[in-house]
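Colleague: Have a look at this one before I ask anything.
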Amino acid sequence: MRVDVITLFPELVEQVIGCGIVGRAAEQKLLELHCWNPREYTRDRHRTVDDRPYGGGPGMLMKVQPLQDAIHAVREQSRDARLVYLSPQGQLLTQEKLAQQVDLGSVIFLCGRYEGIDERLIQQEVDEEWSIGDYVISGGELAAMVCIDGMTRLIPGALGHDDSAQQDSFSQGLLDYPHYTRPEEYLGERVPGVLMNGNHREIEDWRERQSLGRTWQRRPELLEQVRLDTRQQALLDEFIAEHERTRKR
Ligand SMILES: C[S@@+](CC[C@H](N)C(=O)[O-])C[C@H]1O[C@@H](n2cnc3c(N)ncnc32)[C@H](O)[C@@H]1O
C-alpha cells in the first residue's frame, strides 16, 4: 500500500516506519511511505510556507502556492489516490474507515500546521477530511502517523498472526476481551481459572462473554450497532446476570 504525506515535518512522519509492526511492513514492502515537504516548492528566497489570514486575527495559515504545487507533484505519482486532509473538523476516524481505506489502496495525507489551510484549497483538492478526535493538536503529522499505524495493522500479512487484527477492539464492532499472562497470581489476584483448563470451547465462550460484557459496560452505544446472534445474546445475558449478582453482594 502506498501512502504519501504532505508535511512541513517529514522527519517526524518518517519515524512511523522506524520500528515495530509498521517498520516491519515497510521492510516487507507491504507499505511504501513517501513524504513531500511544501518548503521544497516555495519560490521565494526565504522559502516561506506561512501567510497572514485575511480579516486579521491571531495565527498564520499555510501558504497556498507551495502547498498546491506539492499536491500537484504528488498527484503526478499517485493519480488515483484519495487526498485526505487531517483536520479536527473532519469525520471522526474509526476502525471501519481505516479498513475501507486499506481496501481502496493508496492515500495522500495532507498535514496542516498553524491555523490550518485556505478553505478554497480544501474545497478544490481535498476528497475527505479526517479527525483523530475532538481535540486540537499542533499539526496533522501525529494524526497521519496514527492513520498509518492503524491502517498497517489491517494490511494482510502485516501482523504476525493474521487473525489478531480480527480480534482487536472495534473489528467486530465490540471491545476486546481482557488478557492475562504470567505470573498466575499477581498481587493476590489469580488468572481466571477457565483460561488454564485447556478447554478451548470454554475459553472461547468466556472470551466472547467478556468482550460483549465489556462493551455493554464501557461503550453500550456500540452494542446498538451490532446484531447479536442467539448465542451471543445468551452470553451477554449471563455476563449481566453475573454482574448484578456481584453488585448486590
Ligand atoms: C492548530 S491546528 C488548527 C486548528 C484549526 N484552527 C481549528 O480550530 O479547526 C493545526 C493542524 O493540526 C491538525 N490537527 C489538529 N487537530 C487535529 C485532529 N483532532 N485531527 C486531525 N488533525 C488535527 C490539522 O492538520 C490542522 O490543520
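Naming works like this for the C-alpha cells: A, B, ... for the chains as they're shown, residue 1 at the start of each chain, ligands 1 onward in shown order.
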List all protein, DNA and RNA residues that have any atom at most 7 Å from ligand 1, counting only C-alpha atoms and all ligand atoms, and write the list as a PyMOL selection string.
Modeller: chain A and resi 85-89+111-117+130-140+143
Colleague: Please report, as a Markdown table, each residue of region 48-113 of chain A lying at most 10 Å from region 3-22 of chain A, together with the nearest pair of atoms and the separation in Å rounded to one decimal; use only C-alpha atoms, and order rows by chain and ascending residue number.
Modeller:
```
| residue | atom | partner | partner_atom | distance |
| --- | --- | --- | --- | --- |
| A:Val49 | CA | A:Leu8 | CA | 8.4 |
| A:Met62 | CA | A:Leu8 | CA | 9.8 |
| A:Leu67 | CA | A:Ile6 | CA | 8.1 |
| A:Ala70 | CA | A:Ile6 | CA | 7.2 |
| A:Ile71 | CA | A:Ile6 | CA | 7.5 |
| A:Val74 | CA | A:Asp4 | CA | 7.4 |
| A:Arg75 | CA | A:Asp4 | CA | 9.6 |
| A:Gln77 | CA | A:Asp4 | CA | 9.6 |
| A:Ser78 | CA | A:Asp4 | CA | 8.2 |
| A:Ala81 | CA | A:Val3 | CA | 8.7 |
| A:Leu83 | CA | A:Asp4 | CA | 9.2 |
| A:Val84 | CA | A:Val5 | CA | 9.5 |
| A:Tyr85 | CA | A:Ile6 | CA | 9.6 |
| A:Gly105 | CA | A:Val3 | CA | 8.6 |
| A:Ser106 | CA | A:Val3 | CA | 5.7 |
| A:Val107 | CA | A:Val3 | CA | 5.2 |
| A:Ile108 | CA | A:Asp4 | CA | 4.6 |
| A:Phe109 | CA | A:Val5 | CA | 4.7 |
| A:Leu110 | CA | A:Ile6 | CA | 4.9 |
| A:Cys111 | CA | A:Thr7 | CA | 5.3 |
| A:Gly112 | CA | A:Thr7 | CA | 7.5 |
| A:Arg113 | CA | A:Leu8 | CA | 8.0 |
```
Colleague: For region 227-234 of chain A, please output as a list of chain:residue names all residues within 9 Å (counting only C-alpha atoms; exclusion window: fewer than 5 positions along the same chain).
Modeller: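 The contact residues come out as A:Glu208, A:Arg209, A:Leu212, A:Phe239.
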Colleague: Run DSSP on the backbone and tell me which residues of region 26-151 of chain A come out as helix (DSSP H, G or I); list them as a ChimeraX atom specification.
Modeller: /A:26-27,38-41,64-77,95-104,119-125,141-151
Colleague: Which neighbours of Arg120 (chain A) fall inside 12 Å, counting only C-alpha atoms, when residues of the same chain fewer than 4 positions from it are skipped, and could you give them as a VMD selection string?
Modeller: chain A and resid 64 68 116 124 to 126
